[in-house]
Amino acid sequence: MFWNKYKNFVRKDIEPDEIFMDSANLPGFERGLFEGRIEAPLSNRVPYSVFAVFLFVAFAALALLIRLQVINHDAYLARAENNTLTRVRLSAERGLIYDRNMNELAWNSSDGRAYWKDSGLAHILGYLGYPDKILAGIDPKSRVGRGGIEAVYEELLRGKDGSRLIEESADGDILSQSVELEPVNGKSVVLTIDAEMQSKFFSIVEEVVKTRGFRAGAGAVIDVQTGEILAAVSFPEFSSEVLSQSSSEEEIISYLKSGSQPFFFRAFEGLYAPGSIFKTVVALAALSEKIIDPAKQIFSAGSISIPNPYFPDQSSTFYDWKAHGWVDMRRALAVSSNIYFYTVGGGFGNQNGLGVKKITDYALRMGLGKKVGVELAESEGFLPSPEWKEKNDPLDPVWRIGDTYNLSIGQGMVQVTPLQMASVVATISRGGVSSDIHLVKGTMLRDKFDPINLQPDKKADIPDDAFEIVKEGMKQAAEYGTASALSGLGVKVGGKTGTAEIGSEKKKVNSWLLGFMPYDNPRMAVSIVLEAGNSQNLVGATYAARELILWLVENRPEYLR
């Protein structure tokens with residue numbers, strides 16, 4: 001019996017490896033190898049508990065399957081066969097358009113796109129219409145920009161549409177819905193335009209056109225220090241709201257059938273013979289090339305005659321608009337003497353002229369004959385050349401002195417836009433320095449404003465003293481010359497008028513005015529053209545400029561300091 005107890009004691013309590021333990025491990029066990037640990041077996045309840053959990057999950061899954069496949073089989077089958085899953089477009093909110101003073105010019109309303117209350121901004125803002133073709137990511141039923149800033153900045157203004165998944169029953173009840181893709185609202189665009197100035201300028205041009213028998217009119221105002229376009233008008237125009245909203249078909253057809261071309265943005269796209277405002281460019285060229293001393297006087301008796309190359313006994317006569325007597329460069333600009341500029345442009349007597357190539361070269365230096373580079377569509381203009389005439393005038397392909405004379409006073413085939421001429425006078429006012437002309441200040445999302453990138457200022461390759469003399473001639477024009485209606489308005493102005501004859505009978509004219517102000521510290525440049533008026537009419541672009549300046553003195557004195 002003692003032996004049996006001894007065997008049990010040995011078997012249960014002491015193992016041989018516990019007796020002969022490595023003495024090196026006595027001070028500290030290798031815990032990572034589980035040395036020195038006594039294993040304790042798991043309780044029998046643990047595996048039973050795990051088994052119970054798995055058994056519960058299995059029964060729950062089985063119950064759900066029975067519910068789906070047996071109990072509610074018919075209901076779910078009907079839902080699967082008759083319900084529809086529809087992806088619905090979530091339209092992004094279109095960005096707004098602001099003027100420089102953060103007045104809203106275009107915004108979203110329940111009836112469609114809404115626009116600035118007063119006339120004058122349609123060509124700049126544009127309108128919304130259905131797309132001409134299917135565009136990726138755009139609902140064919142949605143409207144997109146179809147002109148002006150609305151079209152040019154369409155992608156930014158539109159943003160990106162999102163989508164929602166909607167499940168509907170056969171009866172049209174919504175069973176479930178969830179947003180699949182959140183819409184991204186469009187950015188807003190901030191313009192350089194002063195909306196109140198724009199509307200006033202437009203109303204002035206409109207009034208003169210209607211009351212004085214012109215066909216149309218256009219103009220542009222530029223901040224000469226920044227290149228920002230403060231106003232750019234074109235009359236007649238269309239209504240952005242009429243075209244963007246659900247207007248009557250008759251209203252839209254009336255625009256399309258109108259002979260006055262209301263969709264034509266004359267300020268940027270209109271091409272006109274510049275008339276005497278082109279004399280500023282010819283003067284710069286003559287002074288730069290030292291063709292004539294600015295103090296030298298030329299006599300204007302009212303006309304000059306040159307021999308006819310085909311009939312030597314006959315002469316070709318070129319007229320001044322009046323006999324001015326002796327005039328130097330400054331006075332010739334002030335009174336707009338044709339004889340003076342015929343002479344320095346083409347030469348006469350013992351006075352050499354510039355010639356056509358030098359005239360067009362300096363016109364290019366001043367930005368004519370090419371696009372200004374503004375954000376909206378614009379025309380390049382046109383500068384004639386002997387090569388062009390040879391190719392395009394089969395009846396008289398040779399460039400003659402008379403062609404140079406006509407070019408010297410802005411007649412003939414030369415064509416410019418009002419925007420180009422506003423840029424020219426802005427450059428003159430700053431002594432040959434020009435800024436990047438632009439219509440957009442930047443874009444905005446919520447309160448974050450991102451300005452556009454501008455090119456650095458440029459200096460025309462023309463001497464500074466040439467610009468000073470031309471500016472002095474323009475000052476005299478406003479003091480006592482052809483632009484004297486601009487004197488006494490509360491701000492000193494430099495101006496130049498132009499009257500370009502159009503048509504073979506020369507009974508119609510385009511009336512021009514260029515101006516900059518204040519004279520001593522130029523801030524604003526303006527160009528105005530009134531199209532196809534009666535040649536006997538004495539009220540034209542200069543009167544329109546006077547009315548605009550009076551408004552500016554009263555309402556925008558900060559521009560005239």
# chains A, B, ... in the order shown; residues from 1 in each chain; ligands from 1

$ closest_atom_pairs --of "segment 447-513 of chain A" --to "segment 521-526 of chain A" --cutoff "12 Å" --atoms "only C-alpha atoms" --output "tab-separated table"
residue	atom	partner	partner_atom	distance
A:Lys471	CA	A:Pro522	CA	10.9
A:Val491	CA	A:Pro522	CA	10.8
A:Lys492	CA	A:Asn521	CA	9.7
A:Val493	CA	A:Pro522	CA	9.0
A:Gly494	CA	A:Pro522	CA	9.4
A:Gly495	CA	A:Val526	CA	9.3
A:Lys496	CA	A:Val526	CA	10.6
A:Thr497	CA	A:Val526	CA	11.8
A:Trp512	CA	A:Val526	CA	10.6
A:Leu513	CA	A:Val526	CA	7.9

$ write_last_selection --atoms "N, CA and C atoms" --output "compact mmCIF listing (two decimals), in the first residue's frame"
# COMPACT_ATOMS: atom_id res chain seq x y z
N LYS A 471 0.80 113.55 -77.24
CA LYS A 471 -0.07 113.88 -76.13
C LYS A 471 -0.37 115.38 -76.08
N VAL A 491 -12.17 118.08 -65.62
CA VAL A 491 -11.00 117.22 -65.72
C VAL A 491 -10.30 117.54 -67.03
N LYS A 492 -8.97 117.60 -67.01
CA LYS A 492 -8.21 117.91 -68.22
C LYS A 492 -8.07 116.65 -69.06
N VAL A 493 -8.40 116.79 -70.35
CA VAL A 493 -8.50 115.64 -71.25
C VAL A 493 -7.57 115.82 -72.44
N GLY A 494 -7.02 114.70 -72.92
CA GLY A 494 -6.37 114.66 -74.22
C GLY A 494 -7.30 113.95 -75.18
N GLY A 495 -7.54 114.53 -76.37
CA GLY A 495 -8.53 113.93 -77.27
C GLY A 495 -8.12 113.97 -78.73
N LYS A 496 -8.75 113.15 -79.53
CA LYS A 496 -8.56 113.16 -80.98
C LYS A 496 -9.83 112.66 -81.64
N THR A 497 -10.31 113.46 -82.59
CA THR A 497 -11.53 113.10 -83.31
C THR A 497 -11.18 112.44 -84.63
N TRP A 512 -15.66 109.16 -84.85
CA TRP A 512 -14.76 108.60 -83.84
C TRP A 512 -14.33 109.63 -82.80
N LEU A 513 -14.02 109.12 -81.61
CA LEU A 513 -13.37 109.94 -80.59
C LEU A 513 -12.44 109.07 -79.77

$ residues_around --residues "segment 127-129 of chain A" --least-positions-apart "4" --cutoff "9 Å" --atoms "only C-alpha atoms" --output "VMD selection string"
chain A and resid 113 122 to 123 142 to 151 239 to 245

$ select_by_dssp --residues "segment 439-504 of chain A" --states "helix (DSSP H, G or I)" --output "PyMOL selection string"
chain A and resi 464-479+484-486

$ atom_distance --atom1 "atom CA of Ile222 of chain A" --atom2 "atom CA of Asp520 of chain A"
16.8 Å

$ residues_around --residues "Leu121 of chain A" --least-positions-apart "2" --cutoff "9 Å" --atoms "only C-alpha atoms" --output "PyMOL selection string"
chain A and resi 105+115-116+118-119+123-126+195+198-199+202+232-234+237+239-240

$ closest_residue --among "A:Lys371, A:Arg89, A:Lys441, A:Lys187" --to "Leu454 of chain A" --atoms "only C-alpha atoms"
A:Lys441

$ residues_around --residues "Ala466 of chain A" --least-positions-apart "3" --cutoff "12 Å" --atoms "only C-alpha atoms" --output "JSON, numbers by chain"
{"A": [280, 281, 282, 283, 284, 285, 286, 287, 288, 289, 290, 291, 292, 293, 294, 329, 330, 428, 429, 430, 431, 432, 460, 461, 462, 463, 469, 470, 471, 472, 473]}

$ write_last_selection --atoms "C-alpha atoms" --output "short mmCIF file (atom, residue, chain, number, x, y, z; two decimals), in the first residue's frame"
data_model
loop_
_atom_site.label_atom_id
_atom_site.label_comp_id
_atom_site.auth_asym_id
_atom_site.auth_seq_id
_atom_site.Cartn_x
_atom_site.Cartn_y
_atom_site.Cartn_z
CA THR A 280 -1.83 109.68 -83.89
CA VAL A 281 -0.04 106.56 -85.17
CA VAL A 282 1.34 108.36 -88.24
CA ALA A 283 2.60 111.17 -86.00
CA LEU A 284 4.43 108.67 -83.77
CA ALA A 285 6.03 107.09 -86.83
CA ALA A 286 7.12 110.45 -88.32
CA LEU A 287 8.61 111.62 -85.02
CA SER A 288 10.36 108.31 -84.36
CA GLU A 289 11.84 108.20 -87.87
CA LYS A 290 12.67 111.92 -87.68
CA ILE A 291 10.90 112.54 -90.97
CA ILE A 292 10.02 116.02 -89.81
CA ASP A 293 10.87 118.34 -86.96
CA PRO A 294 7.71 118.73 -84.82
CA MET A 329 2.84 118.72 -85.65
CA ARG A 330 0.94 119.62 -82.47
CA ILE A 428 -0.04 106.88 -75.80
CA SER A 429 -1.26 108.22 -72.46
CA ARG A 430 1.43 106.24 -70.57
CA GLY A 431 4.25 107.26 -72.85
CA GLY A 432 4.45 103.97 -74.71
CA ALA A 460 6.61 100.21 -77.41
CA ASP A 461 9.76 100.58 -79.49
CA ILE A 462 9.16 104.30 -80.00
CA PRO A 463 11.03 107.21 -78.33
CA ILE A 469 4.44 115.53 -78.57
CA VAL A 470 1.41 113.47 -79.61
CA LYS A 471 -0.07 113.88 -76.13
CA GLU A 472 0.43 117.65 -76.34
CA GLY A 473 -1.32 117.71 -79.70
#

$ closest_residue --among "A:Phe516, A:Phe214, A:Phe54, A:Tyr340" --to "Gly533 of chain A" --atoms "only C-alpha atoms"
A:Phe214

$ residues_around --residues "Arg87 of chain A" --least-positions-apart "4" --cutoff "9 Å" --atoms "only C-alpha atoms" --output "list of chain:residue names"
A:Ser163, A:Arg164, A:Leu165, A:Ile166, A:Glu167, A:Glu180

$ atom_distance --atom1 "atom CA of Ser379 of chain A" --atom2 "atom CA of Ser527 of chain A"
16.1 Å

$ select_by_dssp --residues "segment 206-333 of chain A" --states "strand (DSSP E)" --output "MDAnalysis selection string"
chainID A and resid 216:223 229:235 298:300 303:307 315:319 325:327

$ write_last_selection --atoms "C-alpha atoms" --output "tab-separated table (two decimals), in the first residue's frame"
chain	number	residue	atom	x	y	z
A	216	ALA	CA	-25.11	101.63	-84.54
A	217	GLY	CA	-22.43	102.50	-82.02
A	218	ALA	CA	-19.74	101.01	-79.83
A	219	GLY	CA	-17.03	102.00	-77.38
A	220	ALA	CA	-14.54	100.86	-74.78
A	221	VAL	CA	-13.06	102.32	-71.59
A	222	ILE	CA	-9.75	101.01	-70.22
A	223	ASP	CA	-7.92	101.60	-66.95
A	229	ILE	CA	-11.65	97.02	-69.28
A	230	LEU	CA	-14.04	99.16	-67.27
A	231	ALA	CA	-16.73	99.26	-69.96
A	232	ALA	CA	-17.26	97.89	-73.46
A	233	VAL	CA	-20.58	98.63	-75.15
A	234	SER	CA	-22.25	97.76	-78.41
A	235	PHE	CA	-25.61	99.09	-79.60
A	298	ILE	CA	3.37	122.98	-93.39
A	299	PHE	CA	0.85	125.17	-95.17
A	300	SER	CA	-2.67	123.86	-95.69
A	303	SER	CA	-5.95	120.76	-100.95
A	304	ILE	CA	-2.87	119.44	-102.71
A	305	SER	CA	-2.55	118.04	-106.22
A	306	ILE	CA	-0.21	115.42	-107.66
A	307	PRO	CA	0.29	114.41	-111.32
A	315	SER	CA	-3.73	115.84	-111.64
A	316	SER	CA	-5.20	114.02	-108.64
A	317	THR	CA	-6.45	116.33	-105.91
A	318	PHE	CA	-6.52	115.44	-102.22
A	319	TYR	CA	-8.55	117.64	-99.94
A	325	GLY	CA	-2.98	127.72	-92.92
A	326	TRP	CA	0.41	127.04	-91.31
A	327	VAL	CA	0.40	124.09	-88.89

$ closest_residue --among "A:Val433, A:Ala532, A:Ala541, A:Val53" --to "Lys508 of chain A" --atoms "only C-alpha atoms"
A:Ala532
